[in-house]
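What follows is a short report on a single structure.
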Amino acid sequence: MIKKTVLSIASLLFLLTLVSDAQYRNASRDAIEQPEKVMEAVGVKPGMLIGEIGAGHGYFTFWLAKGVGETGKVYANDIDKSALAAIERRRASESVPNIETVLGTVEDPRLPAGALDMVFVVNAFHDLERPVELLANLLPALKPGATVVIMDRDHERTPDSEGHFLTRAEVEEIVGRSVFEMVRVETFLRYHNLYILTARK
Ligand SMILES: C[S@@+](CC[C@H](N)C(=O)[O-])C[C@H]1O[C@@H](n2cnc3c(N)ncnc32)[C@H](O)[C@@H]1O
């Protein structure tokens with residue numbers, strides 16, 4: 001009897017985990033964030049090695065894994081172990097071979113040195129406690145000429161956000177204090193801007 005109860009509680013907890021993971025595969029987010037159009041706009045190509053900072057439960061990570069294909073790879077970073085565990089569960093359940101999770105710290109993403117063609121920060125830049133320090137520690141992971149794409153909601157185009165998101169001017173000011181410079185800003189998404197950076201010469 002006790003064994004049966006423990007087993008049914010374990011099954012229930014497992015089901016709840018699956019339901020919670022599923023909310024991160026979200027058709028309404030696809031319509032708003034248009035991952036395929038974003039990847040095309042910034043030049044994601046098969047074979048690339050891409051880092052993602054603040055990957056969370058992997059909403060964008062799995063799109064990137066599709067974009068870089070079997071010959072490429074995505075390093076999904078976060079400071080939250082449980083978020084990375086959710087990515088690992090989905091990676092296993094969907095048999096996606098080209099994602100590796102990387103636990104970082106608030107200031108250091110701990111991505112592999114000299115490896116990356118591109119880095120994404122999707123819906124996470126506004127949450128970074130020390131963005132300037134994190135960008136400095138990201139630099140050694142980039143190949144020469146690599147780009148960093150910050151995709152974040154524009155406070156001025158996001159209703160009722162009560163100061164949670166950054167304005168374009170605020171992102172530009174933070175980047176201006178960092179080792180990167182802004183090369184262009186794409187504004188085709190309804191709420192988000194795409195800030196494209198490269199290392200300062
Ligand atoms: C709003 S969530 C976005 C998650 C995901 N990118 C998405 O679009 O669904 C922000 C994520 O940034 C992570 N984060 C916050 N500070 C971080 C840091 N310094 N380095 C890496 N990840 C960080 C949080 O743990 C969280 O998973």
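Residues are referred to by chain and number: the chain letter is A, B, ... according to the order shown in the structure tokens, the number counts from 1 in that chain, and ligands are numbered separately from 1 in the order shown.
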Quiz prompt | Residues near Gly176 of chain A, cut-off 12 Å, only C-alpha atoms, skip fewer than 3 positions along chain, as number ranges by chain | solution = A: 131-132, 135, 169-173, 179-183, 197-200
Quiz item: Can you tell me, as a ChimeraX atom specification, what residues are no more than 7 Å from Ile50 of chain A when counting only C-alpha atoms, ignoring any on the same chain fewer than 2 positions away?
Solution: /A:48,52,73-75,116-119
Take the residues just selected and output them with N, CA and C atoms as a CSV table (one decimal), in the first residue's frame.
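Generated file (out.csv):
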```
chain,number,residue,atom,x,y,z
A,48,MET,N,27.4,26.3,-37.2
A,48,MET,CA,27.9,27.3,-36.3
A,48,MET,C,27.9,26.8,-34.8
A,52,GLU,N,24.3,30.6,-25.7
A,52,GLU,CA,23.1,31.3,-25.3
A,52,GLU,C,23.2,31.6,-23.8
A,73,LYS,N,26.5,23.4,-32.9
A,73,LYS,CA,26.2,23.1,-31.5
A,73,LYS,C,25.8,24.3,-30.7
A,74,VAL,N,24.9,24.1,-29.7
A,74,VAL,CA,24.5,25.3,-28.9
A,74,VAL,C,24.9,25.0,-27.5
A,75,TYR,N,25.6,26.0,-26.9
A,75,TYR,CA,26.0,25.9,-25.5
A,75,TYR,C,25.0,26.8,-24.7
A,116,LEU,N,33.2,30.3,-30.1
A,116,LEU,CA,31.8,30.6,-30.5
A,116,LEU,C,31.8,31.6,-31.7
A,117,ASP,N,30.8,31.3,-32.7
A,117,ASP,CA,30.6,32.1,-33.8
A,117,ASP,C,29.6,33.2,-33.5
A,118,MET,N,28.7,32.9,-32.5
A,118,MET,CA,27.7,33.9,-32.2
A,118,MET,C,27.2,33.6,-30.8
A,119,VAL,N,26.7,34.6,-30.1
A,119,VAL,CA,26.1,34.4,-28.8
A,119,VAL,C,24.7,35.1,-28.7
```
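Across the structure, atom CA of Glu94 of chain A and atom CA of Ser28 of chain A are spaced 20.7 Å apart.
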Practice problem: From a DSSP calculation on the backbone, collect every residue of chain A in strand (DSSP E or B) and output the set as a ChimeraX atom specification. | Solution: /A:49-53,73-78,99-103,116-122,142-154,166,180-186,192-199
Self-check item: Within 6 Å of ligand 1, counting only C-alpha atoms and all ligand atoms, residues as a ChimeraX atom specification
Solution: /A:53-56,59,77-80,104-107,109,122-124,127-128
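Near Ala31 of chain A, within a cut-off of 12 Å and counting only C-alpha atoms, sit the residues Arg25, Asn26, Glu36, Lys37, Val38, Leu189, Arg190 and Tyr191 of chain A, with same-chain residues fewer than 5 positions away left out.
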Keeping only N, CA and C atoms, take the residues you just selected and write them out as a CSV table (one decimal), in the first residue's frame.
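Produced file again10.csv, reproduced below:
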```
chain,number,residue,atom,x,y,z
A,25,ARG,N,7.4,25.4,-24.7
A,25,ARG,CA,7.3,25.2,-26.1
A,25,ARG,C,6.0,25.8,-26.5
A,26,ASN,N,6.0,27.1,-26.9
A,26,ASN,CA,4.8,27.9,-26.8
A,26,ASN,C,4.5,28.6,-28.1
A,36,GLU,N,12.5,31.9,-36.2
A,36,GLU,CA,13.2,31.6,-37.5
A,36,GLU,C,13.6,32.9,-38.2
A,37,LYS,N,12.7,33.9,-38.2
A,37,LYS,CA,13.0,35.2,-38.8
A,37,LYS,C,14.2,35.8,-38.1
A,38,VAL,N,14.2,35.7,-36.8
A,38,VAL,CA,15.3,36.3,-36.0
A,38,VAL,C,16.6,35.7,-36.4
A,189,LEU,N,10.5,43.1,-34.8
A,189,LEU,CA,9.5,42.4,-33.9
A,189,LEU,C,8.6,43.4,-33.2
A,190,ARG,N,7.5,42.9,-32.7
A,190,ARG,CA,6.5,43.8,-32.2
A,190,ARG,C,7.0,44.4,-30.8
A,191,TYR,N,7.5,43.6,-30.0
A,191,TYR,CA,7.9,44.1,-28.6
A,191,TYR,C,9.4,44.2,-28.4
```
Quiz item: Using only C-alpha atoms, which of the listed residues (A:Ser93, A:Ser178, A:Thr101, A:Thr71) sits closest to Gly58 of chain A?
Solution: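 Under the stated criterion, the closest residue is A:Thr101.
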Practice problem: Could you tell me, as number ranges by chain, which residues of segment 2-182 of chain A DSSP assigns to helix (DSSP H, G or I) when given the backbone? | Solution: A: 2-22, 27-33, 35-42, 59-68, 81-93, 125-127, 131-141, 155-157, 168-176
Quiz prompt | Atomic distance atom CA of Ala65 of chain A - atom CA of Leu134 of chain A, expressed in Å with one decimal | solution =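 Atom-to-atom, atom CA of Ala65 of chain A to atom CA of Leu134 of chain A, that is 23.3 Å.
Remark: for Glu129 of chain A, the closest of the candidate residues A:Arg184, A:Pro46, A:Ile150, A:Asp108 is A:Asp108 (distances computed over only C-alpha atoms).
With only C-alpha atoms as the atoms that count, the residue of A:Leu84, A:Ala141, A:Val149, A:Ile174 with the shortest distance to Leu49 of chain A is A:Ala141.
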